[in-house]
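For reference, run_11.csv is printed below; it contains CSV, C-alpha atoms.
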```
chain,number,residue,atom,x,y,z
A,10,MET,CA,102.1,59.3,-26.3
A,11,ALA,CA,100.6,57.7,-23.2
A,12,LEU,CA,97.2,56.1,-23.4
A,13,LYS,CA,94.6,57.5,-21.0
A,14,THR,CA,92.9,54.9,-18.9
A,15,HIS,CA,89.4,55.6,-17.8
A,16,SER,CA,88.6,54.6,-14.2
A,17,PRO,CA,84.9,54.2,-13.6
A,18,LYS,CA,83.3,56.9,-11.4
A,19,THR,CA,82.3,55.6,-8.0
A,20,VAL,CA,79.7,57.0,-5.6
A,21,ARG,CA,78.4,56.3,-2.1
A,22,VAL,CA,74.8,55.4,-1.4
A,23,PHE,CA,73.2,56.6,1.9
A,24,ASN,CA,69.6,56.0,3.0
A,25,LYS,CA,68.6,59.3,4.5
A,26,THR,CA,65.4,57.9,5.8
A,27,ARG,CA,67.0,55.1,7.7
A,28,GLN,CA,70.3,56.9,8.4
A,29,SER,CA,72.3,54.0,7.0
A,30,PHE,CA,74.9,53.4,4.2
A,31,LEU,CA,74.0,50.8,1.6
A,32,SER,CA,77.4,51.0,-0.1
A,33,LEU,CA,80.6,53.0,-0.2
A,34,ASN,CA,81.9,51.9,-3.5
A,35,VAL,CA,79.2,51.9,-6.2
A,36,THR,CA,80.3,52.1,-9.8
A,37,VAL,CA,78.3,54.5,-12.0
A,38,ALA,CA,77.1,52.9,-15.2
A,39,ASP,CA,75.9,55.9,-17.1
A,40,THR,CA,76.9,55.1,-20.6
A,41,HIS,CA,75.4,52.6,-23.0
A,42,LEU,CA,78.5,50.4,-22.9
A,43,ALA,CA,78.8,50.6,-19.1
A,44,ARG,CA,75.2,49.6,-18.6
A,45,LEU,CA,75.6,46.8,-21.2
A,46,VAL,CA,78.6,45.3,-19.3
A,47,GLY,CA,77.2,46.0,-15.8
A,48,LEU,CA,78.4,43.2,-13.5
A,49,LEU,CA,79.3,40.7,-16.3
A,50,GLY,CA,82.6,39.0,-15.9
A,51,ARG,CA,82.6,39.3,-12.1
A,52,ARG,CA,82.6,36.3,-9.9
A,53,ARG,CA,80.8,38.1,-7.0
A,54,LEU,CA,80.1,41.4,-5.4
A,55,ARG,CA,82.0,42.3,-2.3
A,56,ALA,CA,80.4,44.1,0.7
A,57,ASN,CA,80.1,47.8,-0.1
A,58,GLU,CA,80.3,47.3,-3.8
A,59,GLY,CA,77.6,47.7,-6.4
A,60,VAL,CA,76.5,49.2,-9.7
A,61,TRP,CA,74.2,52.2,-10.3
A,62,MET,CA,72.5,51.9,-13.7
A,63,VAL,CA,71.6,55.4,-14.9
A,64,PRO,CA,69.1,55.7,-16.7
A,65,CYS,CA,67.5,52.3,-16.2
A,66,GLN,CA,64.0,50.9,-15.7
A,67,GLY,CA,64.9,47.2,-15.1
A,68,ILE,CA,67.7,44.7,-15.2
A,69,HIS,CA,68.4,41.1,-15.9
A,70,THR,CA,71.0,38.7,-14.4
A,71,PHE,CA,71.7,36.6,-17.6
A,72,GLY,CA,75.4,35.8,-17.5
A,73,LEU,CA,75.9,36.5,-13.8
A,74,LEU,CA,77.1,33.8,-11.4
A,75,PHE,CA,75.6,35.3,-8.3
A,76,ALA,CA,72.4,36.9,-6.9
A,77,VAL,CA,71.9,40.6,-6.3
A,78,ASP,CA,69.6,42.9,-4.4
A,79,VAL,CA,67.9,45.4,-6.7
A,80,VAL,CA,66.7,48.9,-5.7
A,81,TYR,CA,64.6,51.0,-8.1
A,82,LEU,CA,64.9,54.8,-7.7
A,83,ASP,CA,62.8,57.6,-9.2
A,84,ALA,CA,64.3,60.9,-10.4
A,85,ASN,CA,64.5,62.2,-6.8
A,86,HIS,CA,66.4,59.1,-5.5
A,87,ARG,CA,63.3,57.9,-3.7
A,88,VAL,CA,62.9,54.1,-3.6
A,89,ILE,CA,60.0,52.9,-5.7
A,90,ASP,CA,60.5,49.2,-5.6
A,91,LEU,CA,62.8,46.5,-4.2
A,92,VAL,CA,63.8,43.0,-5.2
A,93,GLU,CA,65.8,41.0,-2.7
A,94,HIS,CA,68.0,38.1,-3.8
A,95,LEU,CA,67.5,38.2,-7.6
A,96,GLY,CA,69.2,35.0,-8.7
A,97,PRO,CA,71.3,34.4,-11.8
A,98,PHE,CA,69.5,34.1,-15.2
A,99,ARG,CA,66.5,36.1,-14.0
A,100,VAL,CA,64.6,39.1,-15.3
A,101,ALA,CA,63.6,41.8,-12.8
A,102,PRO,CA,60.4,43.7,-13.3
A,103,VAL,CA,60.4,46.8,-15.5
A,104,ARG,CA,59.2,49.9,-13.7
A,105,LEU,CA,58.2,52.7,-16.1
A,106,ASN,CA,58.5,55.4,-13.4
A,107,CYS,CA,62.0,54.4,-12.6
A,108,GLU,CA,65.0,56.6,-13.4
A,109,SER,CA,67.8,54.4,-12.1
A,110,VAL,CA,68.6,51.0,-10.6
A,111,LEU,CA,71.1,49.9,-8.0
A,112,GLU,CA,72.5,46.4,-8.1
A,113,LEU,CA,74.0,45.5,-4.7
A,114,PRO,CA,75.2,42.5,-2.8
A,115,VAL,CA,72.5,40.1,-1.4
A,116,ARG,CA,71.2,41.1,2.0
A,117,THR,CA,72.0,44.8,1.5
A,118,ILE,CA,68.3,45.7,1.5
A,119,PHE,CA,67.7,43.6,4.6
A,120,GLU,CA,70.7,44.9,6.6
A,121,SER,CA,70.1,48.5,5.8
A,122,GLN,CA,66.3,48.1,6.5
A,123,THR,CA,65.5,49.9,3.2
A,124,ARG,CA,61.8,50.2,2.4
A,125,VAL,CA,59.8,51.6,-0.5
A,126,GLY,CA,59.5,55.4,0.0
A,127,ASP,CA,63.0,55.8,1.5
A,128,ARG,CA,65.1,58.7,0.2
A,129,PHE,CA,68.7,58.2,-0.8
A,130,MET,CA,71.7,60.5,-1.1
A,131,ILE,CA,74.0,59.3,-3.9
A,132,CYS,CA,77.2,61.3,-4.3
A,133,SER,CA,81.0,61.1,-4.4
A,134,ALA,CA,83.2,60.5,-1.4
A,135,ALA,CA,84.2,64.2,-1.5
A,136,GLU,CA,80.6,65.4,-1.7
A,137,THR,CA,79.7,63.0,1.2
A,138,GLU,CA,82.4,64.7,3.3
A,139,ILE,CA,81.1,68.1,2.5
A,140,HIS,CA,77.5,67.0,3.4
A,141,TRP,CA,78.5,65.6,6.8
A,142,ARG,CA,80.7,68.6,7.7
A,143,ALA,CA,77.8,70.9,6.9
A,144,GLN,CA,75.4,68.7,8.9
A,145,GLN,CA,77.7,68.7,11.9
A,146,ALA,CA,78.0,72.5,11.7
A,147,ARG,CA,74.2,72.9,11.7
A,148,ALA,CA,73.9,70.5,14.6
A,149,ARG,CA,76.5,72.5,16.6
A,150,ALA,CA,74.6,75.7,15.8
A,151,GLY,CA,71.3,74.1,16.9
A,152,ASP,CA,69.8,74.1,13.4
A,153,ALA,CA,67.8,70.9,12.9
A,154,THR,CA,66.9,71.5,9.3
A,155,SER,CA,67.7,68.8,6.8
A,156,CYS,CA,69.8,69.2,3.7
A,157,GLU,CA,68.7,68.5,0.1
A,158,LEU,CA,70.1,65.6,-1.9
A,159,VAL,CA,73.6,66.1,-3.3
A,160,ARG,CA,73.2,65.3,-7.0
A,161,ASP,CA,75.9,64.8,-9.6
```

The structure in this file should be written as C-alpha coordinates.
Amino acid sequence: MALKTHSPKTVRVFNKTRQSFLSLNVTVADTHLARLVGLLGRRRLRANEGVWMVPCQGIHTFGLLFAVDVVYLDANHRVIDLVEHLGPFRVAPVRLNCESVLELPVRTIFESQTRVGDRFMICSAAETEIHWRAQQARARAGDATSCELVRD
(Lines of atoms letter the chains of each structure in order from A and count residues from 1; the text may use other names and numbers.)
(Lines give C-alpha, C1' and ligand atoms only; values in the text may rest on other atoms or scores of the structure.)
Protein backbone atom coordinates (compact mmCIF):
# COMPACT_ATOMS: atom_id res chain seq x y z
CA MET A 1 0.00 0.00 0.00
CA ALA A 2 1.48 3.32 -1.08
CA LEU A 3 1.58 6.22 1.34
CA LYS A 4 -0.26 9.35 0.31
CA THR A 5 1.85 12.45 0.43
CA HIS A 6 0.06 15.69 1.12
CA SER A 7 1.35 18.61 -0.86
CA PRO A 8 0.38 21.94 0.65
CA LYS A 9 -2.24 23.98 -1.14
CA THR A 10 -0.90 27.08 -2.85
CA VAL A 11 -2.68 30.25 -3.90
CA ARG A 12 -1.94 33.47 -5.73
CA VAL A 13 -2.37 36.88 -4.10
CA PHE A 14 -3.48 39.80 -6.26
CA ASN A 15 -4.06 43.35 -5.03
CA LYS A 16 -7.23 44.35 -6.89
CA THR A 17 -6.96 47.96 -5.75
CA ARG A 18 -3.41 48.47 -7.07
CA GLN A 19 -3.70 45.90 -9.90
CA SER A 20 -0.52 44.11 -8.83
CA PHE A 21 0.44 40.60 -7.79
CA LEU A 22 2.04 40.23 -4.39
CA SER A 23 2.86 36.56 -4.82
CA LEU A 24 2.19 33.64 -7.13
CA ASN A 25 3.16 30.82 -4.76
CA VAL A 26 1.68 31.28 -1.29
CA THR A 27 1.26 28.19 0.86
CA VAL A 28 -2.04 28.02 2.75
CA ALA A 29 -1.59 27.26 6.46
CA ASP A 30 -5.17 26.48 7.44
CA THR A 31 -4.63 23.72 9.98
CA HIS A 32 -3.29 23.99 13.50
CA LEU A 33 -0.13 22.09 12.58
CA ALA A 34 0.49 24.10 9.39
CA ARG A 35 0.10 27.39 11.29
CA LEU A 36 2.36 26.11 14.07
CA VAL A 37 5.13 25.24 11.59
CA GLY A 38 4.62 28.27 9.31
CA LEU A 39 8.03 29.29 7.97
CA LEU A 40 10.11 27.43 10.55
CA GLY A 41 13.00 25.46 9.11
CA ARG A 42 13.38 27.65 6.06
CA ARG A 43 16.51 29.67 5.42
CA ARG A 44 14.73 32.36 3.40
CA LEU A 45 11.65 33.23 1.38
CA ARG A 46 12.16 33.46 -2.36
CA ALA A 47 10.43 36.08 -4.49
CA ASN A 48 6.80 35.08 -5.11
CA GLU A 49 6.66 32.81 -2.06
CA GLY A 50 4.81 33.26 1.18
CA VAL A 51 2.48 31.75 3.76
CA TRP A 52 -1.19 32.59 4.33
CA MET A 53 -2.19 31.90 7.94
CA VAL A 54 -5.93 31.20 8.15
CA PRO A 55 -7.40 31.94 10.69
CA CYS A 56 -4.87 34.21 12.36
CA GLN A 57 -4.78 37.52 14.23
CA GLY A 58 -1.02 37.94 14.67
CA ILE A 59 2.33 36.23 14.21
CA HIS A 60 5.81 36.00 15.67
CA THR A 61 9.16 35.36 14.06
CA PHE A 62 10.79 33.35 16.86
CA GLY A 63 12.97 30.71 15.20
CA LEU A 64 13.12 32.45 11.83
CA LEU A 65 16.45 33.40 10.31
CA PHE A 66 15.07 36.17 8.09
CA ALA A 67 12.69 39.12 8.13
CA VAL A 68 9.21 39.12 6.54
CA ASP A 69 6.56 41.59 5.43
CA VAL A 70 3.23 41.03 7.18
CA VAL A 71 -0.22 41.82 5.76
CA TYR A 72 -3.31 41.57 7.99
CA LEU A 73 -6.62 40.85 6.21
CA ASP A 74 -10.23 40.97 7.32
CA ALA A 75 -12.88 38.41 6.32
CA ASN A 76 -13.39 40.18 2.96
CA HIS A 77 -9.65 40.12 2.15
CA ARG A 78 -9.33 43.85 2.77
CA VAL A 79 -5.97 45.02 4.19
CA ILE A 80 -6.40 46.23 7.78
CA ASP A 81 -2.74 46.59 8.80
CA LEU A 82 0.78 46.24 7.41
CA VAL A 83 4.17 45.55 8.98
CA GLU A 84 7.19 45.94 6.75
CA HIS A 85 10.45 44.15 7.51
CA LEU A 86 9.50 42.31 10.71
CA GLY A 87 12.86 40.96 11.83
CA PRO A 88 13.67 37.59 13.39
CA PHE A 89 12.68 36.98 17.02
CA ARG A 90 9.96 39.64 17.01
CA VAL A 91 6.25 39.67 17.81
CA ALA A 92 3.88 41.41 15.39
CA PRO A 93 0.86 43.22 16.81
CA VAL A 94 -2.34 41.23 17.36
CA ARG A 95 -5.32 42.62 15.44
CA LEU A 96 -8.63 41.41 16.86
CA ASN A 97 -10.60 42.23 13.69
CA CYS A 98 -8.14 40.23 11.57
CA GLU A 99 -9.16 36.95 9.93
CA SER A 100 -5.89 35.98 8.24
CA VAL A 101 -2.26 37.04 7.88
CA LEU A 102 0.10 36.89 4.92
CA GLU A 103 3.83 36.44 5.53
CA LEU A 104 5.75 37.56 2.45
CA PRO A 105 9.34 38.37 1.45
CA VAL A 106 10.72 41.71 2.60
CA ARG A 107 9.92 44.61 0.22
CA THR A 108 6.76 42.92 -1.13
CA ILE A 109 4.55 45.58 0.48
CA PHE A 110 6.71 48.39 -0.89
CA GLU A 111 7.08 46.96 -4.39
CA SER A 112 3.35 46.23 -4.76
CA GLN A 113 2.45 49.64 -3.25
CA THR A 114 -0.02 47.90 -0.94
CA ARG A 115 -1.87 50.17 1.50
CA VAL A 116 -4.39 49.74 4.30
CA GLY A 117 -7.84 49.49 2.72
CA ASP A 118 -6.67 47.66 -0.43
CA ARG A 119 -8.74 44.65 -1.47
CA PHE A 120 -7.10 41.34 -2.38
CA MET A 121 -8.09 38.41 -4.53
CA ILE A 122 -6.67 35.17 -3.13
CA CYS A 123 -7.27 32.06 -5.19
CA SER A 124 -5.71 29.07 -6.91
CA ALA A 125 -3.90 29.29 -10.22
CA ALA A 126 -6.89 27.74 -12.01
CA GLU A 127 -9.32 30.20 -10.41
CA THR A 128 -7.01 33.08 -11.35
CA GLU A 129 -7.12 31.95 -14.99
CA ILE A 130 -10.93 31.75 -14.92
CA HIS A 131 -11.11 35.23 -13.37
CA TRP A 132 -8.82 36.80 -15.99
CA ARG A 133 -10.59 35.14 -18.92
CA ALA A 134 -13.96 36.39 -17.63
CA GLN A 135 -12.53 39.87 -17.14
CA GLN A 136 -11.10 39.90 -20.68
CA ALA A 137 -14.45 38.77 -22.09
CA ARG A 138 -16.22 41.60 -20.24
CA ALA A 139 -13.65 44.10 -21.53
CA ARG A 140 -14.20 42.91 -25.11
CA ALA A 141 -17.95 43.23 -24.60
CA GLY A 142 -17.52 46.76 -23.24
CA ASP A 143 -18.70 45.85 -19.75
CA ALA A 144 -16.64 47.74 -17.17
CA THR A 145 -18.15 46.07 -14.11
CA SER A 146 -15.78 44.56 -11.60
CA CYS A 147 -15.96 41.00 -10.39
CA GLU A 148 -16.27 39.82 -6.82
CA LEU A 149 -13.47 38.10 -4.97
CA VAL A 150 -12.90 34.48 -5.76
CA ARG A 151 -12.92 32.68 -2.44
CA ASP A 152 -11.91 29.14 -1.61

Within 7 Å of A:Gly96, counting all atoms listed in the file, which residues show up once you throw out same-chain ones fewer than 4 positions away? Write them as a PDB file with C-alpha atoms, in the coordinates of the input, please.
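Wrote it out as selection_20.pdb, contents follow:
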```pdb
ATOM      1  CA  PHE A  75      75.600  35.300  -8.300  1.00  0.00           C
ATOM      2  CA  ALA A  76      72.400  36.900  -6.900  1.00  0.00           C
ATOM      3  CA  VAL A  77      71.900  40.600  -6.300  1.00  0.00           C
TER       4      VAL A  77
END
```

**OP:** Could you tell me which of A:Val125, A:Val20, A:Leu49, A:Leu113 comes closest to A:Leu82 if we count all atoms listed in the file?
**Re:**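 Closest to A:Leu82 of all the choices is A:Val125.
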
**OP:** Find, counting only C-alpha atoms, the residue in A:Val110, A:Ala135, A:Ile68, A:Leu31 that gets nearest to A:Asp90.
**Re:**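 Of A:Val110, A:Ala135, A:Ile68, A:Leu31, the one nearest A:Asp90, counting only C-alpha atoms, is A:Val110.
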
Original post:
For the atom pair atom CA of A:Gln122 and atom CA of A:Ala101, what is the interatomic distance in Å to one decimal place?
Top reply: 20.5 Å

Original post:
What's the 12 Å shell around A:Val46, counting all atoms listed in the file, without same-chain residues fewer than 5 positions away, as a PyMOL selection string?
Top reply: chain A and resi 36-41+51+60+62+68-73

**OP:** Give me, please, the distance in Å between atom CA of A:Leu54 and atom CA of A:Leu91, quoted to one decimal.
**Re:**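 Taking atom CA of A:Leu54 as the start and atom CA of A:Leu91 as the end point, the length is 18.1 Å.
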
Counting only C-alpha atoms, select every polymer residue within 6 Å of (80.2, 54.4, -3.4) as defined in the file's coordinates, and provide the selection as a PDB file with C-alpha atoms, in the frame of the given file.
```
ATOM      1  CA  THR A  19      82.300  55.600  -8.000  1.00  0.00           C
ATOM      2  CA  VAL A  20      79.700  57.000  -5.600  1.00  0.00           C
ATOM      3  CA  ARG A  21      78.400  56.300  -2.100  1.00  0.00           C
ATOM      4  CA  VAL A  22      74.800  55.400  -1.400  1.00  0.00           C
ATOM      5  CA  SER A  32      77.400  51.000  -0.100  1.00  0.00           C
ATOM      6  CA  LEU A  33      80.600  53.000  -0.200  1.00  0.00           C
ATOM      7  CA  ASN A  34      81.900  51.900  -3.500  1.00  0.00           C
ATOM      8  CA  VAL A  35      79.200  51.900  -6.200  1.00  0.00           C
TER       9      VAL A  35
END
```

Starting from the structure just given, write a file holding stretch 87-135 of chain A with N, CA and C atoms, as a short mmCIF file (atom, residue, chain, number, x, y, z; two decimals), in the first residue's frame.
```
data_model
loop_
_atom_site.label_atom_id
_atom_site.label_comp_id
_atom_site.auth_asym_id
_atom_site.auth_seq_id
_atom_site.Cartn_x
_atom_site.Cartn_y
_atom_site.Cartn_z
N ARG A 87 -9.71 42.44 2.81
CA ARG A 87 -9.33 43.85 2.77
C ARG A 87 -8.18 44.04 3.76
N VAL A 88 -7.15 44.79 3.35
CA VAL A 88 -5.97 45.02 4.19
C VAL A 88 -6.36 45.91 5.37
N ILE A 89 -6.09 45.43 6.60
CA ILE A 89 -6.40 46.23 7.78
C ILE A 89 -5.15 46.72 8.51
N ASP A 90 -4.00 46.12 8.22
CA ASP A 90 -2.74 46.59 8.80
C ASP A 90 -1.58 45.99 8.02
N LEU A 91 -0.44 46.66 8.11
CA LEU A 91 0.78 46.24 7.41
C LEU A 91 1.97 46.38 8.35
N VAL A 92 2.89 45.44 8.28
CA VAL A 92 4.17 45.55 8.98
C VAL A 92 5.26 45.21 7.97
N GLU A 93 6.09 46.19 7.68
CA GLU A 93 7.19 45.94 6.75
C GLU A 93 8.44 45.55 7.52
N HIS A 94 9.16 44.58 6.99
CA HIS A 94 10.45 44.15 7.51
C HIS A 94 10.40 43.78 9.00
N LEU A 95 9.54 42.83 9.35
CA LEU A 95 9.50 42.31 10.71
C LEU A 95 10.67 41.34 10.87
N GLY A 96 11.63 41.74 11.68
CA GLY A 96 12.86 40.96 11.83
C GLY A 96 12.67 39.68 12.62
N PRO A 97 13.72 38.83 12.62
CA PRO A 97 13.67 37.59 13.39
C PRO A 97 13.51 37.87 14.89
N PHE A 98 12.88 36.93 15.57
CA PHE A 98 12.68 36.98 17.02
C PHE A 98 11.89 38.20 17.46
N ARG A 99 10.85 38.52 16.70
CA ARG A 99 9.96 39.64 17.01
C ARG A 99 8.51 39.15 17.11
N VAL A 100 7.67 39.96 17.73
CA VAL A 100 6.25 39.67 17.81
C VAL A 100 5.50 40.80 17.08
N ALA A 101 4.69 40.43 16.11
CA ALA A 101 3.88 41.41 15.39
C ALA A 101 2.64 41.71 16.24
N PRO A 102 2.07 42.88 16.04
CA PRO A 102 0.86 43.22 16.81
C PRO A 102 -0.28 42.24 16.53
N VAL A 103 -1.13 42.03 17.52
CA VAL A 103 -2.34 41.23 17.36
C VAL A 103 -3.46 42.18 16.94
N ARG A 104 -4.20 41.82 15.92
CA ARG A 104 -5.32 42.62 15.44
C ARG A 104 -6.60 41.79 15.59
N LEU A 105 -7.44 42.19 16.53
CA LEU A 105 -8.63 41.41 16.86
C LEU A 105 -9.62 41.29 15.71
N ASN A 106 -9.68 42.28 14.83
CA ASN A 106 -10.60 42.23 13.69
C ASN A 106 -9.98 41.56 12.46
N CYS A 107 -8.86 40.91 12.65
CA CYS A 107 -8.14 40.23 11.57
C CYS A 107 -8.63 38.79 11.44
N GLU A 108 -8.77 38.33 10.20
CA GLU A 108 -9.16 36.95 9.93
C GLU A 108 -8.00 36.09 9.44
N SER A 109 -7.03 36.74 8.76
CA SER A 109 -5.89 35.98 8.24
C SER A 109 -4.69 36.91 8.09
N VAL A 110 -3.51 36.29 7.99
CA VAL A 110 -2.26 37.04 7.88
C VAL A 110 -1.41 36.44 6.77
N LEU A 111 -0.86 37.31 5.94
CA LEU A 111 0.10 36.89 4.92
C LEU A 111 1.51 37.21 5.38
N GLU A 112 2.41 36.24 5.27
CA GLU A 112 3.83 36.44 5.53
C GLU A 112 4.53 36.35 4.18
N LEU A 113 5.18 37.45 3.79
CA LEU A 113 5.75 37.56 2.45
C LEU A 113 7.20 38.04 2.52
N PRO A 114 7.95 37.89 1.45
CA PRO A 114 9.34 38.37 1.45
C PRO A 114 9.40 39.88 1.72
N VAL A 115 10.49 40.29 2.34
CA VAL A 115 10.72 41.71 2.60
C VAL A 115 10.67 42.49 1.29
N ARG A 116 10.09 43.66 1.32
CA ARG A 116 9.92 44.61 0.22
C ARG A 116 8.70 44.30 -0.65
N THR A 117 7.96 43.24 -0.35
CA THR A 117 6.76 42.92 -1.13
C THR A 117 5.72 44.02 -0.97
N ILE A 118 5.52 44.51 0.23
CA ILE A 118 4.55 45.58 0.48
C ILE A 118 4.95 46.83 -0.30
N PHE A 119 6.21 47.20 -0.19
CA PHE A 119 6.71 48.39 -0.89
C PHE A 119 6.59 48.25 -2.40
N GLU A 120 7.06 47.14 -2.94
CA GLU A 120 7.08 46.96 -4.39
C GLU A 120 5.68 46.86 -5.00
N SER A 121 4.72 46.34 -4.25
CA SER A 121 3.35 46.23 -4.76
C SER A 121 2.53 47.48 -4.43
N GLN A 122 3.11 48.41 -3.67
CA GLN A 122 2.45 49.64 -3.25
C GLN A 122 1.17 49.37 -2.47
N THR A 123 1.15 48.27 -1.73
CA THR A 123 -0.02 47.90 -0.94
C THR A 123 -0.23 48.88 0.20
N ARG A 124 -1.48 49.24 0.44
CA ARG A 124 -1.87 50.17 1.50
C ARG A 124 -3.04 49.61 2.28
N VAL A 125 -3.22 50.10 3.50
CA VAL A 125 -4.39 49.74 4.30
C VAL A 125 -5.63 50.14 3.52
N GLY A 126 -6.61 49.24 3.47
CA GLY A 126 -7.84 49.49 2.72
C GLY A 126 -7.87 48.80 1.37
N ASP A 127 -6.71 48.37 0.85
CA ASP A 127 -6.67 47.66 -0.43
C ASP A 127 -7.43 46.34 -0.31
N ARG A 128 -7.98 45.89 -1.43
CA ARG A 128 -8.74 44.65 -1.47
C ARG A 128 -7.97 43.62 -2.29
N PHE A 129 -7.85 42.41 -1.74
CA PHE A 129 -7.10 41.34 -2.38
C PHE A 129 -8.01 40.29 -2.97
N MET A 130 -7.50 39.63 -4.01
CA MET A 130 -8.09 38.41 -4.53
C MET A 130 -7.08 37.31 -4.21
N ILE A 131 -7.54 36.30 -3.50
CA ILE A 131 -6.67 35.17 -3.13
C ILE A 131 -7.34 33.91 -3.65
N CYS A 132 -6.67 33.24 -4.59
CA CYS A 132 -7.27 32.06 -5.19
C CYS A 132 -6.20 31.18 -5.84
N SER A 133 -6.62 30.01 -6.26
CA SER A 133 -5.71 29.07 -6.91
C SER A 133 -5.33 29.57 -8.29
N ALA A 134 -4.33 28.93 -8.87
CA ALA A 134 -3.90 29.29 -10.22
C ALA A 134 -5.03 29.09 -11.22
N ALA A 135 -5.78 28.01 -11.09
CA ALA A 135 -6.89 27.74 -12.01
C ALA A 135 -7.98 28.79 -11.87
#
```
